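Chemist: Below is model30.pdb; it holds PDB, C-alpha atoms and all ligand atoms.
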ATOM      1  CA  MET O   1       0.000   0.000   0.000
ATOM      2  CA  THR O   2       1.268   3.452  -0.880
ATOM      3  CA  ALA O   3       1.205   6.295   1.650
ATOM      4  CA  PRO O   4      -0.976   9.232   0.632
ATOM      5  CA  LEU O   5       0.918  12.123  -0.850
ATOM      6  CA  CYS O   6       1.234  15.489   0.859
ATOM      7  CA  THR O   7       0.546  18.612  -1.156
ATOM      8  CA  ILE O   8       2.778  21.659  -0.709
ATOM      9  CA  ARG O   9       1.210  24.891  -1.929
ATOM     10  CA  PHE O  10       2.764  28.317  -2.400
ATOM     11  CA  PRO O  11      -0.073  30.827  -1.907
ATOM     12  CA  GLY O  12       0.276  34.186  -3.598
ATOM     13  CA  THR O  13       2.707  32.871  -6.196
ATOM     14  CA  ALA O  14       2.465  31.313  -9.631
ATOM     15  CA  TYR O  15       4.344  28.218  -8.439
ATOM     16  CA  LEU O  16       2.391  25.017  -8.901
ATOM     17  CA  PRO O  17       1.633  22.769  -5.912
ATOM     18  CA  ILE O  18       4.075  19.912  -5.317
ATOM     19  CA  GLN O  19       3.057  16.452  -4.121
ATOM     20  CA  VAL O  20       5.495  14.324  -2.124
ATOM     21  CA  PRO O  21       5.311  11.420   0.333
ATOM     22  CA  PRO O  22       5.184  12.347   4.051
ATOM     23  CA  HIS O  23       8.403  12.980   5.991
ATOM     24  CA  GLN O  24      10.429  13.928   2.913
ATOM     25  CA  PRO O  25      13.179  16.479   3.666
ATOM     26  CA  LEU O  26      11.841  19.719   2.225
ATOM     27  CA  ALA O  27      15.338  21.090   1.592
ATOM     28  CA  GLU O  28      15.852  18.330  -0.988
ATOM     29  CA  VAL O  29      12.325  18.233  -2.371
ATOM     30  CA  LEU O  30      11.984  21.987  -2.882
ATOM     31  CA  THR O  31      15.455  22.338  -4.369
ATOM     32  CA  VAL O  32      14.995  19.748  -7.099
ATOM     33  CA  ARG O  33      11.411  20.839  -7.831
ATOM     34  CA  ASN O  34      10.435  24.339  -8.885
ATOM     35  CA  SER O  35       9.652  26.361  -5.733
ATOM     36  CA  PRO O  36      10.193  29.889  -4.415
ATOM     37  CA  ILE O  37      11.905  28.695  -1.218
ATOM     38  CA  LEU O  38      15.689  29.070  -0.938
ATOM     39  CA  PHE O  39      17.957  27.030   1.309
ATOM     40  CA  GLY O  40      21.415  27.518   2.735
ATOM     41  CA  CYS O  41      22.820  25.256   5.449
ATOM     42  CA  ARG O  42      19.878  22.792   5.447
ATOM     43  CA  THR O  43      20.579  22.049   9.095
ATOM     44  CA  GLY O  44      18.540  24.732  10.860
ATOM     45  CA  LEU O  45      21.398  27.138  11.551
ATOM     46  CA  CYS O  46      21.458  29.901   8.926
ATOM     47  CA  GLY O  47      17.840  31.073   8.704
ATOM     48  CA  THR O  48      17.853  31.315   4.890
ATOM     49  CA  CYS O  49      14.783  29.075   4.637
ATOM     50  CA  LEU O  50      12.637  31.106   7.061
ATOM     51  CA  VAL O  51       9.023  30.923   5.858
ATOM     52  CA  ARG O  52       5.458  31.217   7.043
ATOM     53  CA  ALA O  53       3.923  27.768   7.021
ATOM     54  CA  ALA O  54       0.486  26.381   7.837
ATOM     55  CA  GLY O  55      -0.987  22.908   7.650
ATOM     56  CA  ASP O  56      -0.112  19.382   8.705
ATOM     57  CA  MET O  57       3.468  19.179   9.945
ATOM     58  CA  GLY O  58       5.339  18.234  13.060
ATOM     59  CA  PRO O  59       5.978  21.009  15.609
ATOM     60  CA  PRO O  60       9.372  22.740  15.723
ATOM     61  CA  ASP O  61      11.925  20.987  17.910
ATOM     62  CA  GLU O  62      13.818  22.830  20.630
ATOM     63  CA  ASP O  63      16.674  23.946  18.364
ATOM     64  CA  GLU O  64      14.283  25.295  15.730
ATOM     65  CA  GLN O  65      12.257  27.068  18.418
ATOM     66  CA  GLU O  66      15.435  28.825  19.592
ATOM     67  CA  MET O  67      16.212  29.986  16.047
ATOM     68  CA  LEU O  68      12.633  31.145  15.468
ATOM     69  CA  ALA O  69      12.679  33.104  18.731
ATOM     70  CA  VAL O  70      15.602  35.095  17.311
ATOM     71  CA  LEU O  71      14.565  35.346  13.651
ATOM     72  CA  ALA O  72      10.820  35.752  13.971
ATOM     73  CA  PRO O  73       9.732  36.442  17.536
ATOM     74  CA  ASP O  74       5.979  36.517  18.098
ATOM     75  CA  CYS O  75       5.180  34.905  14.742
ATOM     76  CA  PRO O  76       3.500  31.544  15.420
ATOM     77  CA  THR O  77       3.478  30.548  11.733
ATOM     78  CA  ALA O  78       7.213  31.107  11.213
ATOM     79  CA  ARG O  79       9.173  27.938  10.451
ATOM     80  CA  LEU O  80      12.515  26.905   9.059
ATOM     81  CA  ALA O  81      11.517  25.014   5.934
ATOM     82  CA  CYS O  82      14.544  22.716   6.171
ATOM     83  CA  GLN O  83      13.346  21.505   9.587
ATOM     84  CA  ILE O  84       9.688  20.858   8.744
ATOM     85  CA  ASP O  85       8.517  17.259   9.157
ATOM     86  CA  LEU O  86       5.802  16.970   6.552
ATOM     87  CA  THR O  87       2.815  14.925   7.751
ATOM     88  CA  GLY O  88       0.068  16.229   5.434
ATOM     89  CA  ASP O  89      -0.882  19.138   3.215
ATOM     90  CA  ILE O  90       0.829  22.450   3.917
ATOM     91  CA  ALA O  91       1.041  25.968   2.532
ATOM     92  CA  ILE O  92       4.368  27.803   2.533
ATOM     93  CA  GLU O  93       4.950  31.502   1.956
ATOM     94  CA  GLU O  94       8.266  33.233   1.563
ATOM     95  CA  TRP O  95       9.175  35.246   4.627
ATOM     96  CA  ALA O  96       8.428  38.929   4.502
ATOM     97  CA  ASP O  97       8.832  41.161   7.503
ATOM     98  CA  PRO O  98       5.427  42.375   8.701
TER
HETATM   99  S1  LIG L 101      18.606  26.257   5.235
HETATM  100 FE1  LIG L 101      19.689  27.106   6.905
HETATM  101  S2  LIG L 101      18.151  27.164   8.462
HETATM  102 FE2  LIG L 101      17.161  26.116   6.822
END
Output the file's structure in the form of structure tokens.
Modeler:
Amino acid sequence: MTAPLCTIRFPGTAYLPIQVPPHQPLAEVLTVRNSPILFGCRTGLCGTCLVRAAGDMGPPDEDEQEMLAVLAPDCPTARLACQIDLTGDIAIEEWADP
């Protein structure tokens, strides 16, 4: 039996949704597929992949929470795309300061 695919959408852009199996590393998936999200270190340290994300994904771990507290305090939808554990459909927007 095949696991259901997760859909990644990019609201507000012309980028087409991407479908991938759950728990795929987004840094790899979004680099090889056409997406507006850029990556640097891919290990949660540089902040290049800071985005606003909503949908079905695992919560940020302690290290990601520490980075988000510095990069995007008081923004509950901020995530580091390279650290997202995809569990279902999500929407990702490029980071823009409010
Ligand atoms: S690519 Fe560096 S924090 Fe995600």
Chemist: Which residues come within 6 Å of region 8-25 of chain O, counting all atoms listed in the file, excluding same-chain residues fewer than 5 positions away, as an mmCIF file with C-alpha atoms, keeping the file's coordinate frame?
Modeler:
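As a result, out.cif now contains:
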data_model
loop_
_atom_site.group_PDB
_atom_site.id
_atom_site.type_symbol
_atom_site.label_atom_id
_atom_site.label_comp_id
_atom_site.auth_asym_id
_atom_site.auth_seq_id
_atom_site.Cartn_x
_atom_site.Cartn_y
_atom_site.Cartn_z
ATOM 1 C CA ASP O 85 8.517 17.259 9.157
ATOM 2 C CA LEU O 86 5.802 16.970 6.552
ATOM 3 C CA THR O 87 2.815 14.925 7.751
ATOM 4 C CA ASP O 89 -0.882 19.138 3.215
ATOM 5 C CA ILE O 90 0.829 22.450 3.917
ATOM 6 C CA ALA O 91 1.041 25.968 2.532
ATOM 7 C CA ILE O 92 4.368 27.803 2.533
ATOM 8 C CA GLU O 93 4.950 31.502 1.956
#
Chemist: Ranking O:Ala81, O:Leu38, O:Val32, O:Cys46 by minimum distance to Met67 (chain O) and counting only C-alpha atoms, which one comes first?
Modeler: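 With only C-alpha atoms as the atom set, the closest residue is O:Cys46.
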Chemist: Hey, can you check how far CA of Gly88 (chain O) sits from CA of Leu71 (chain O)?
Modeler: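 Separation between CA of Gly88 (chain O) and CA of Leu71 (chain O): 25.4 Å.
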Chemist: Check every protein, DNA and RNA residue against ligand LIG 101 (chain L), keep those with an atom at most 8 Å away (counting all atoms listed in the file), and present them as a short mmCIF file (atom, residue, chain, number, x, y, z; two decimals) with C-alpha atoms, in the frame of the given file.
Modeler:
data_model
loop_
_atom_site.label_atom_id
_atom_site.label_comp_id
_atom_site.auth_asym_id
_atom_site.auth_seq_id
_atom_site.Cartn_x
_atom_site.Cartn_y
_atom_site.Cartn_z
CA ALA O 27 15.34 21.09 1.59
CA LEU O 38 15.69 29.07 -0.94
CA PHE O 39 17.96 27.03 1.31
CA GLY O 40 21.42 27.52 2.74
CA CYS O 41 22.82 25.26 5.45
CA ARG O 42 19.88 22.79 5.45
CA THR O 43 20.58 22.05 9.10
CA GLY O 44 18.54 24.73 10.86
CA LEU O 45 21.40 27.14 11.55
CA CYS O 46 21.46 29.90 8.93
CA GLY O 47 17.84 31.07 8.70
CA THR O 48 17.85 31.32 4.89
CA CYS O 49 14.78 29.08 4.64
CA LEU O 50 12.64 31.11 7.06
CA LEU O 80 12.52 26.90 9.06
CA ALA O 81 11.52 25.01 5.93
CA CYS O 82 14.54 22.72 6.17
CA GLN O 83 13.35 21.50 9.59
#
Chemist: For a test of reading the model, state the distance in Å between CA of Asp63 (chain O) and CA of Arg79 (chain O), rounded to one decimal.
Modeler: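 Those two atoms sit 11.6 Å apart.
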Chemist: Mind giving me the straight-line distance from CA of Cys75 (chain O) to CA of Glu94 (chain O) in Å, one decimal?
Modeler: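 Atom-to-atom, CA of Cys75 (chain O) to CA of Glu94 (chain O), that is 13.6 Å.
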Chemist: Report as a CSV table (one decimal) with C-alpha atoms, keeping the file's coordinate frame the residues that result from applying the PyMOL selection byres (((chain O and resi 78) around 7) and not hetatm) to the structure here.
Modeler:
chain,number,residue,atom,x,y,z
O,50,LEU,CA,12.6,31.1,7.1
O,51,VAL,CA,9.0,30.9,5.9
O,52,ARG,CA,5.5,31.2,7.0
O,53,ALA,CA,3.9,27.8,7.0
O,68,LEU,CA,12.6,31.1,15.5
O,72,ALA,CA,10.8,35.8,14.0
O,75,CYS,CA,5.2,34.9,14.7
O,76,PRO,CA,3.5,31.5,15.4
O,77,THR,CA,3.5,30.5,11.7
O,79,ARG,CA,9.2,27.9,10.5
Chemist: From the options O:Gly55, O:Pro4, O:Trp95, O:Ile84, which residue's atoms come nearest to Ile37 (chain O), counting all atoms listed in the file?
Modeler: O:Trp95
